[in-house]
Amino acid sequence: MPVIPLAALFFAAFVLPLAALVLVSLFRDPQFSGLSLAQYLRFLSDPFSLKVLSDTLWLGAEVALATLILAYPLALVYVASGPFMRTLITFLIMLPLLTSTVVRTFAWIVILGRDGIVNSAMLSLGLWQAPARLLYSWEGMVLALTQIQLPLMALPVINSLLRLDGNLTRAAEGLGASRARIFMTVILPLTLPGAIAGWLLVFAAAATAFITQTLVGGGRIILMPSYIYQQAVGVQDWPFSAALSLIFTLAVTGIVFAIGALSRRFVRGVDAA
Amino acid sequence: MQRSLVDRIYSAVVGTITGFGMLLLLGPTLVVLIISFTGGITLKFPPPSWSLRWYVELLQSQEIVEPALTSLKVAAAATILSAVLGGAAALGLARSKLKMARFLDALFMSPMVLPAMAFGLSLLLVFNLLGIRLSAATLVLGHTIICVPFVIRMVGASVQQLNPVLITCSLSLGASRWYTFRRVTLPLIRRGIVASCFVAFLTSFDNVPVSLFLADARTEVLPIKLWAILEGSLDVRVAAVSGVIVLLTLAGLVCAEIFGGVSRQIGSR
């Protein structure tokens with residue numbers, strides 16, 4: 001069986017470490033003095049930790065919604081246009097997908113910084129009196145992540161629009177529906193699976209985007225990835241950081257699976273109707 | 001009359017958002033390329049003057065060139081390992097209808113679902129508990145696991161499209177299994193292999209969450225180094241590194257497109 005080498009590697013370097021992560025999270029203190037659920041209780045009774053988790057999940061949801069709003073028009077134009085425009089849009093979508101995360105994040109530091117594009121444009125136009133603080137802000141972070149994760153949303157939305165039966169939109173058009181109405185009542189419901197798939201991808205990616213969160217969000221915005229890093233490497237509190245990673249993993253994958261399951265039920269409902 | 005007004009508003013909204021979206025996709029990469037040629041000492045945009053000084057400075061910065069070389073080596077090793085082991089597994093899993101095969105497929109794909117920070121931390125913990133010293137080898141191990149899902153998916157898709165009759169033919173005509181693999185199977189799944197190697201290499205080269213925990217002082221990798229630089233100060237040398245990375249990625253994309261049709265592979269994911 002050619003599968004055995006990889007299976008062995010995964011056991012040693014994936015299953016075993018995750019088992020160790022669970023085990024370590026069950027120790028009472030960093031000295032490993034006894035087993036208990038202390039770390040989880042500590043998390044659940046600490047308002048700061050709970051706020052960090054809810055902020056992180058909220059960030060993912062916000063960014064995913066922003067990419068969704070951008071992706072649909074992009075996909076509609078893609079589907080309606082000829083080969084040249086399609087190639088151009090594909091290239092534009094692939095470009096950020098293939099450029100290193102640090103590079104993409106660095107671009108936003110240049111754009112949002114004190115002497116950055118936005119500030120110098122606004123100042124020279126006389127719209128702002130003093131440079132605004134865009135870098136190290138929540139809004140700046142959402143904007144940067146929206147651009148960085150947009151390809152993850154655009155690809156599934158384009159794919160599901162391509163699979164949409166053109167006769168349906170033509171029928172709606174022939175029956176006199178406006179284009180906005182066709183979008184709301186025909187295109188959107190039928191491409192919802194692609195949108196949900198993209199939403200989940202972006203949600204998970206944005207919530208776990210350590211580099212962009214720390215560099216564009218700055219040190220004052222603490223989110224789960226930097227919290228885990230700080231507890232593990234800075235404070236060296238392994239049991240707590242292990243519990244944090246497991247809680248974070250469960251929260252993100254739990255939301256992804258729950259919404260995935262709900263949407264599957266929803267899609268079946270659409271099929272039956 | 002009213003309908004055409006609604007349609008016009010709709011088209012205007014769609015067009016505006018699309019224009020903004022395309023600008024948003026292209027803009028930042030262009031900005032990085034432009035700022036890397038600045039003659040100034042800050043990230044002021046537009047640059048006050050033009051020069052290649054930051055590229056020259058970059059070549060002289062041993063503390064950046066060294067991690068860049070480490071990153072290239074680690075990415076190459078992780079790509080080869082994940083392509084060989086993952087490719088073999090994908091071939092084995094594709095034609096199997098056993099329950100075990102579906103379980104293993106899910107296992108090999110799971111690094112994609114798991115937040116990589118948790119995986120990075122778990123590797124650090126297990127190496128520490130077992131008394132294994134961190135090195136380039138432990139880093140390669142972690143990266144390989146992260147790269148495997150791409151190989152499984154892309155090579156797996158190629159194998160699915162492979163007509164099994166061709167292999168039966170080759171075997172019944174007296175070719176050995178090895179000869180059949182080399183001359184029939186491999187050429188037919190080449191596109192999937194090239195595409196997955198390309199993506200695996202980029203994934204490893206760009207990886208932060210695993211490297212963050214596993215890179216020690218001697219095996220510093222480029223993304224972590226750049227992150228550390230940018231956390232401390234807004235260093236213009238990072239613009240030059242970014243310029244190099246963008247150009248190399250574009251060159252790599254052209255090569256991979258020629259040999260493997262990568263965009264179709266990624267687009268259909």
# chains A, B, ... in the order shown; residues from 1 in each chain; ligands from 1
>>> residues_around(residues="segment 80-95 of chain A", least_positions_apart="3", cutoff="6 Å", atoms="only C-alpha atoms", output="mmCIF file with C-alpha atoms, in the first residue's frame")
data_model
loop_
_atom_site.group_PDB
_atom_site.id
_atom_site.type_symbol
_atom_site.label_atom_id
_atom_site.label_comp_id
_atom_site.auth_asym_id
_atom_site.auth_seq_id
_atom_site.Cartn_x
_atom_site.Cartn_y
_atom_site.Cartn_z
ATOM 1 C CA VAL A 77 -19.146 41.004 -14.370
ATOM 2 C CA LEU A 98 -0.088 33.835 -4.721
ATOM 3 C CA PRO A 151 -9.867 35.689 -3.656
ATOM 4 C CA LEU B 25 -7.070 43.393 -5.793
#
>>> select_by_dssp(residues="segment 216-245 of chain B", states="helix (DSSP H, G or I)", output="VMD selection string")
chain B and resid 222 to 232 237 to 245
>>> interface_residues(of="chain A", to="chain B", cutoff="6 Å", atoms="only C-alpha atoms", output="ChimeraX atom specification")
/A:2-3,6,17-18,21,70,73-74,92,100,103,107,115-117,179-180,245
>>> write_last_selection(atoms="C-alpha atoms", output="PDB file, in the first residue's frame")
ATOM      1  CA  PRO A   2       1.570   3.313  -1.048  1.00  0.00           C
ATOM      2  CA  VAL A   3      -0.517   5.052   1.640  1.00  0.00           C
ATOM      3  CA  LEU A   6       2.135   9.146   4.762  1.00  0.00           C
ATOM      4  CA  PRO A  17       0.985  16.254  18.646  1.00  0.00           C
ATOM      5  CA  LEU A  18      -2.743  16.968  18.788  1.00  0.00           C
ATOM      6  CA  LEU A  21      -2.057  19.348  22.967  1.00  0.00           C
ATOM      7  CA  LEU A  70     -17.305  42.776  -3.183  1.00  0.00           C
ATOM      8  CA  PRO A  73     -20.494  42.210  -8.494  1.00  0.00           C
ATOM      9  CA  LEU A  74     -17.040  40.954  -9.510  1.00  0.00           C
ATOM     10  CA  LEU A  92      -6.311  39.911 -10.531  1.00  0.00           C
ATOM     11  CA  SER A 100       3.145  36.127   0.298  1.00  0.00           C
ATOM     12  CA  VAL A 103       3.990  41.179   1.396  1.00  0.00           C
ATOM     13  CA  ALA A 107       1.313  46.818   1.295  1.00  0.00           C
ATOM     14  CA  ASP A 115       2.732  59.123   5.457  1.00  0.00           C
ATOM     15  CA  GLY A 116       0.746  56.567   3.472  1.00  0.00           C
ATOM     16  CA  ILE A 117      -1.359  56.965   0.357  1.00  0.00           C
ATOM     17  CA  ARG A 179     -32.190  43.121 -13.096  1.00  0.00           C
ATOM     18  CA  ALA A 180     -32.050  43.900  -9.395  1.00  0.00           C
ATOM     19  CA  SER A 245      -5.746  26.799  21.012  1.00  0.00           C
TER      20      SER A 245
END
>>> residues_around(residues="Ala197 of chain A", least_positions_apart="5", cutoff="9 Å", atoms="only C-alpha atoms", output="VMD selection string")
chain A and resid 153 156 to 157 192 202 260
>>> write_last_selection(atoms="C-alpha atoms", output="compact mmCIF listing (two decimals), in the first residue's frame")
# COMPACT_ATOMS: atom_id res chain seq x y z
CA MET A 153 -14.63 34.38 -1.70
CA PRO A 156 -16.39 29.87 -5.18
CA VAL A 157 -18.91 32.61 -6.04
CA LEU A 192 -26.02 30.72 -2.07
CA VAL A 202 -12.87 33.72 4.57
CA GLY A 260 -22.13 24.09 6.61
>>> atom_distance(atom1="atom CA of Pro131 of chain A", atom2="atom CA of Asn119 of chain A")
5.5 Å
>>> residues_around(residues="Ala68 of chain B", least_positions_apart="3", cutoff="7 Å", atoms="only C-alpha atoms", output="ChimeraX atom specification")
/B:64-65,71-72,221-222
>>> decode(residues="segment 67-111 of chain A", atoms="C-alpha atoms", output="JSON list (two decimals), in the first residue's frame")
[["chain", "number", "residue", "atom", "x", "y", "z"],
["A", 67, "THR", "CA", -15.65, 40.13, 0.83],
["A", 68, "LEU", "CA", -19.11, 38.77, 0.00],
["A", 69, "ILE", "CA", -20.35, 42.26, -0.94],
["A", 70, "LEU", "CA", -17.30, 42.78, -3.18],
["A", 71, "ALA", "CA", -17.28, 39.29, -4.68],
["A", 72, "TYR", "CA", -20.81, 39.20, -6.15],
["A", 73, "PRO", "CA", -20.49, 42.21, -8.49],
["A", 74, "LEU", "CA", -17.04, 40.95, -9.51],
["A", 75, "ALA", "CA", -18.48, 37.52, -10.28],
["A", 76, "LEU", "CA", -21.48, 38.98, -12.16],
["A", 77, "VAL", "CA", -19.15, 41.00, -14.37],
["A", 78, "TYR", "CA", -16.89, 37.96, -14.84],
["A", 79, "VAL", "CA", -19.76, 35.77, -16.01],
["A", 80, "ALA", "CA", -21.15, 38.45, -18.32],
["A", 81, "SER", "CA", -17.87, 39.34, -20.02],
["A", 82, "GLY", "CA", -15.73, 37.98, -22.84],
["A", 83, "PRO", "CA", -12.48, 36.01, -22.70],
["A", 84, "PHE", "CA", -10.17, 39.02, -22.26],
["A", 85, "MET", "CA", -12.01, 40.44, -19.25],
["A", 86, "ARG", "CA", -12.30, 36.95, -17.78],
["A", 87, "THR", "CA", -8.55, 36.39, -18.03],
["A", 88, "LEU", "CA", -7.92, 39.81, -16.49],
["A", 89, "ILE", "CA", -10.24, 39.15, -13.54],
["A", 90, "THR", "CA", -8.73, 35.68, -13.02],
["A", 91, "PHE", "CA", -5.24, 37.20, -12.99],
["A", 92, "LEU", "CA", -6.31, 39.91, -10.53],
["A", 93, "ILE", "CA", -7.83, 37.30, -8.23],
["A", 94, "MET", "CA", -4.82, 34.98, -8.43],
["A", 95, "LEU", "CA", -2.30, 37.76, -7.82],
["A", 96, "PRO", "CA", -3.01, 38.33, -4.11],
["A", 97, "LEU", "CA", -3.63, 34.62, -3.62],
["A", 98, "LEU", "CA", -0.09, 33.83, -4.72],
["A", 99, "THR", "CA", 1.73, 36.77, -3.12],
["A", 100, "SER", "CA", 3.15, 36.13, 0.30],
["A", 101, "THR", "CA", 0.98, 37.13, 3.28],
["A", 102, "VAL", "CA", 3.70, 39.33, 4.72],
["A", 103, "VAL", "CA", 3.99, 41.18, 1.40],
["A", 104, "ARG", "CA", 0.23, 41.76, 1.20],
["A", 105, "THR", "CA", 0.18, 42.96, 4.79],
["A", 106, "PHE", "CA", 3.19, 45.18, 4.18],
["A", 107, "ALA", "CA", 1.31, 46.82, 1.30],
["A", 108, "TRP", "CA", -1.40, 47.86, 3.72],
["A", 109, "ILE", "CA", 1.16, 49.32, 6.09],
["A", 110, "VAL", "CA", 2.33, 51.50, 3.18],
["A", 111, "ILE", "CA", -1.24, 52.45, 2.25]]
